[in-house]
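Asker: First the structure, then my questions, so here it is.
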Amino acid sequence: MSKILIVDDEASMRRILVANLRREGHVLVEASGLAEARALLVREDFDAVLTDQKMPDGSGLDVLRAVQEEDATTSVIFLTAVGTVELAVESMREGAFDFLTKPFVPDAVRTAVARACERTALLRENAVLRSTVRKLEDPGEILGDSLAMQTLRDMVARVAGTGSTVLITGETGTGKELVARAIHRNSRRVRKSFIAINCGAVTETLLESELFGHEKGAFTGADKPRAGLFEAAHEGTLFLDEVAEMSQAAQAKLLRVLADGEIQRVGSTVTRHVDVRVLAATHRDLKDRVAGGQFREDLYYRLAVLPIHLPPLRERMDDLEQLCGVLSRRIAGQLNQSPRLPSQAALNHLRGYSFPGNVRELKNLLERALILGRHSELQPEDFPLQSIPPGRPGLDHELTVEEVAEHLPERMDLKDTLARIERALLVRALERADGVQAQAARVLHMSRSDFGYKAAKYSIGVPVGASDGLERP
């Protein structure tokens, strides 16, 4: 259903046009001349305008210019008894969509209006997409000018305005949460919460309580009722990272939310309605997990309404120089250093590496190089790639206290540097353990509780956006 403005000083002609177009379900608004049309155009939006050419207070060209001043995407059709070639050419040159002469054929008018409305809708959709893509091209969001990244930005722009569930896949370190945040920032829910949780970083017993909340006495230690993340994200976006690590019980509850928008807190029989857009991500092949019985097939299809795959860094090496430039400047700012960029020799050195840890690994390499490098440009020797195993990057590649002491700069914040090292080791251990904290704790020879304490201290694997006044376990 479209909204049409009819501008004609003859009331009888307006009645004929209204009767003709009302059969198509359009909303019709009438104006008797230019002045009345101008007032309506300021107050209301129209999909098409039909205007007579000659009126006491102005011409059809004046109406066309008034339309273009308010909204250049609105299509204008001229209806006139004076069907000269000169007038037709002038109106089309000024931007009119079509030109019909009186007396008109009713079917021809309906067809012209339908085409005009389709054009208006297409122009407006394209304008929204261009605006969204421009926002997504902000260097603070999705970096890279390779064809793969241009395609990714276009895909994000298209899905952002919908309310559909999105499944983001890609290797560890490719930026799945970055894409999720870009979708939220460019969606209609941007003014509401974006909350993220790593499903593999929370124990199976606590994940359900974290997501859906719990009632008092639901389990040992549940001394009072608490809202879950679905309630906290009401009218906003919930990002479920590493969704493949969910237990079967949590999968069943998630399926219900996606299907009906309803949750039940742990230990409760009361159904609560939530309006949450779910974005999910995983580095695993969910189809393989479905085939192996580890992931529900019906949940997979609910999540994968709009699938987005992030390419690994090794498949978009054209972006390496831009990534190094932007990331080096950011890291240098965090370290209170002057920016230093990799030399061409260093870039060639990096291009020969497969980057199993993707952009996250590149960032770690650049941070190490900026702290230990001694030259005005970062050199190949500042990136000791040969020390990294050909498979998953090991912990030996992380910045160590011994290396920092050997190359002690003139000034250093020791507390901050040690905290960075500790956090980096915790993050890498979690990556090696596929997000499972108990396994990551064993990698670092720590107790599970100590690892959990430090992970919380450095905000690793904990929900983002929890400062909304809702209590959580």
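Within each chain, counting starts at residue 1; across the structure tokens, chains are named A, B, ... in the order shown, with ligands numbered 1 upward in that order.
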Write out as JSON, numbers by chain the set of residues from range 208-428 of chain A that DSSP, computed on the backbone, places in helix (DSSP H, G or I).

Answerer: {"A": [208, 209, 210, 211, 212, 229, 230, 231, 232, 243, 244, 245, 248, 249, 250, 251, 252, 253, 254, 255, 256, 257, 258, 259, 260, 286, 287, 288, 289, 290, 291, 297, 298, 299, 300, 301, 302, 303, 313, 314, 315, 317, 318, 319, 320, 321, 322, 323, 324, 325, 326, 327, 328, 329, 330, 331, 332, 333, 334, 344, 345, 346, 347, 348, 349, 350, 351, 358, 359, 360, 361, 362, 363, 364, 365, 366, 367, 368, 369, 370, 371, 372, 380, 381, 382, 385, 386, 387, 395, 396, 397, 401, 402, 403, 404, 405, 406, 414, 415, 416, 417, 418, 419, 420, 421, 422, 423, 424, 425, 426, 427, 428]}

Asker: So that I can see what lies close to Lys224 in chain A, please list as a compact mmCIF listing (two decimals) with C-alpha atoms, in the first residue's frame the residues with an atom at most 8 Å from it, counting only C-alpha atoms and leaving out residues fewer than 6 positions away in the same chain.

Answerer:
# COMPACT_ATOMS: atom_id res chain seq x y z
CA GLU A 215 14.67 -18.01 41.18
CA LYS A 216 15.61 -18.09 44.84
CA GLY A 217 16.52 -21.63 45.90

Asker: One decimal, Å: what's the distance from CA of Ala252 in chain A over to CA of Ala441 in chain A, could you say?

Answerer: 28.8 Å

Asker: Using only C-alpha atoms, which of A:His214, A:Arg351, A:Arg14, A:Arg432 sits nearest Met317 in chain A?

Answerer: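 Nearest candidate to Met317 in chain A out of A:His214, A:Arg351, A:Arg14, A:Arg432: A:Arg351.
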
Asker: Which residues, written as JSON, numbers by chain, have at least one atom at most 10 Å from Val27 in chain A, with only C-alpha atoms counted and residues fewer than 6 positions away on the same chain left out?

Answerer: {"A": [1, 2, 3, 4, 5, 18, 21, 46, 47]}

Asker: Write out, as a PDB file, in the first residue's frame, the residues just selected, with C-alpha atoms.

Answerer:
ATOM      1  CA  MET A   1       0.000   0.000   0.000  1.00  0.00           C
ATOM      2  CA  SER A   2       1.441   3.345  -1.084  1.00  0.00           C
ATOM      3  CA  LYS A   3       0.584   6.948  -0.295  1.00  0.00           C
ATOM      4  CA  ILE A   4      -0.209   9.106  -3.329  1.00  0.00           C
ATOM      5  CA  LEU A   5      -0.646  12.896  -3.589  1.00  0.00           C
ATOM      6  CA  VAL A  18      -9.063   8.820  -6.541  1.00  0.00           C
ATOM      7  CA  LEU A  21      -6.388   4.374  -7.746  1.00  0.00           C
ATOM      8  CA  PHE A  46       4.446  10.354  -0.244  1.00  0.00           C
ATOM      9  CA  ASP A  47       5.491   7.497  -2.512  1.00  0.00           C
TER      10      ASP A  47
END

Asker: Which residues, written as a short mmCIF file (atom, residue, chain, number, x, y, z; two decimals) with C-alpha atoms, in the first residue's frame, have at least one atom at most 8 Å from Val156 in chain A, with only C-alpha atoms counted and residues fewer than 6 positions away on the same chain left out?

Answerer:
data_model
loop_
_atom_site.label_atom_id
_atom_site.label_comp_id
_atom_site.auth_asym_id
_atom_site.auth_seq_id
_atom_site.Cartn_x
_atom_site.Cartn_y
_atom_site.Cartn_z
CA VAL A 179 30.84 -7.92 13.09
CA ALA A 182 28.56 -3.54 13.71
CA ILE A 183 25.21 -5.23 13.02
#

Asker: Considering only C-alpha atoms, state which residue in the set A:Thr151, A:Ser32, A:Thr162, A:Thr120 is at the smallest distance from Thr74 in chain A.

Answerer: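 Using only C-alpha atoms, the shortest distance to Thr74 in chain A belongs to A:Thr120.
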
Asker: For each of A:Asp288, A:Gly213, A:Leu61, A:Arg188, take the minimum atom-to-atom distance to Val89 in chain A, counting only C-alpha atoms, then give the residue where this is smallest.

Answerer: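 The answer is A:Leu61, which sits nearest to Val89 in chain A.
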
Asker: Which residues of range 260-358 of chain A have any atom within 8 Å of an atom in range 230-240 of chain A when counting only C-alpha atoms, and what is the closest pair of atoms for each, with the distance in Å to one decimal? Order the rows by chain and rising number and write it as JSON lines.

Answerer:
{"residue": "A:Val274", "atom": "CA", "partner": "A:His234", "partner_atom": "CA", "distance": 5.6}
{"residue": "A:Asp275", "atom": "CA", "partner": "A:Glu235", "partner_atom": "CA", "distance": 5.0}
{"residue": "A:Val276", "atom": "CA", "partner": "A:His234", "partner_atom": "CA", "distance": 5.3}
{"residue": "A:Arg277", "atom": "CA", "partner": "A:Thr237", "partner_atom": "CA", "distance": 4.8}
{"residue": "A:Val278", "atom": "CA", "partner": "A:Leu238", "partner_atom": "CA", "distance": 5.1}
{"residue": "A:Leu279", "atom": "CA", "partner": "A:Phe239", "partner_atom": "CA", "distance": 4.7}
{"residue": "A:Ala280", "atom": "CA", "partner": "A:Leu240", "partner_atom": "CA", "distance": 4.6}
{"residue": "A:Ala281", "atom": "CA", "partner": "A:Leu240", "partner_atom": "CA", "distance": 6.3}

Asker: Counting only C-alpha atoms, which residue out of A:Ala259, A:Phe97, A:His349, A:Pro103 sits closest to Arg119 in chain A?

Answerer: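 Closest residue, counting only C-alpha atoms: A:Phe97.
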
Asker: When you look at Val113 in chain A with a cut-off of 9 Å (counting only C-alpha atoms), what residues show up, excluding the ones that are within fewer than 4 positions of it in the same chain? I need them as a list in words.

Answerer: Ile4, Leu21, Ala48, Val49, Leu50, Ser75, Ile77, Ala108, Val109, Cys117 and Glu118 of chain A

Asker: Skip range 302-310 of chain A itself and residues of its chain fewer than 6 positions away, then list as a PyMOL selection string all residues within 8 Å of it, counting only C-alpha atoms.

Answerer: chain A and resi 152+155+159+164-171+174-176+255+258-259+279-280

Asker: Quick one: write out the picked residues with C-alpha atoms as an mmCIF file, in the first residue's frame?

Answerer:
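Output (out05.cif):
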data_model
loop_
_atom_site.group_PDB
_atom_site.id
_atom_site.type_symbol
_atom_site.label_atom_id
_atom_site.label_comp_id
_atom_site.auth_asym_id
_atom_site.auth_seq_id
_atom_site.Cartn_x
_atom_site.Cartn_y
_atom_site.Cartn_z
ATOM 1 C CA LEU A 152 31.260 -8.586 4.115
ATOM 2 C CA MET A 155 26.230 -8.215 3.788
ATOM 3 C CA VAL A 159 21.157 -7.759 7.488
ATOM 4 C CA SER A 164 16.417 -11.823 11.825
ATOM 5 C CA THR A 165 18.843 -14.101 13.640
ATOM 6 C CA VAL A 166 22.386 -14.074 12.266
ATOM 7 C CA LEU A 167 24.959 -16.876 12.492
ATOM 8 C CA ILE A 168 28.529 -15.577 12.185
ATOM 9 C CA THR A 169 31.172 -18.199 11.422
ATOM 10 C CA GLY A 170 34.916 -17.997 11.017
ATOM 11 C CA GLU A 171 38.197 -19.034 12.542
ATOM 12 C CA THR A 174 38.723 -13.184 12.575
ATOM 13 C CA GLY A 175 36.538 -10.599 14.341
ATOM 14 C CA LYS A 176 33.172 -12.284 14.846
ATOM 15 C CA LEU A 255 15.214 -22.791 20.686
ATOM 16 C CA LEU A 258 13.883 -18.036 19.146
ATOM 17 C CA ALA A 259 10.578 -19.707 18.318
ATOM 18 C CA LEU A 279 23.359 -12.973 16.993
ATOM 19 C CA ALA A 280 25.364 -16.194 17.323
#

Asker: Between A:Ala66, A:Ala345, A:Met13, A:Ile421, which is the closest to Glu321 in chain A once you count only C-alpha atoms?

Answerer: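 Ranking A:Ala66, A:Ala345, A:Met13, A:Ile421 by distance to Glu321 in chain A, first place goes to A:Ala345.
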
Asker: Write down as JSON, numbers by chain the residues of range 169-387 of chain A whose backbone DSSP state falls under strand (DSSP E).

Answerer: {"A": [169, 194, 195, 196, 197, 198, 237, 238, 239, 240, 241, 262, 263, 272, 273, 277, 278, 279, 280, 281, 282, 306, 307, 308, 309]}

Asker: Any idea what the distance is between CA of Ser449 in chain A and CA of Leu206 in chain A?

Answerer: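 Separating CA of Ser449 in chain A from CA of Leu206 in chain A is a distance of 14.0 Å.
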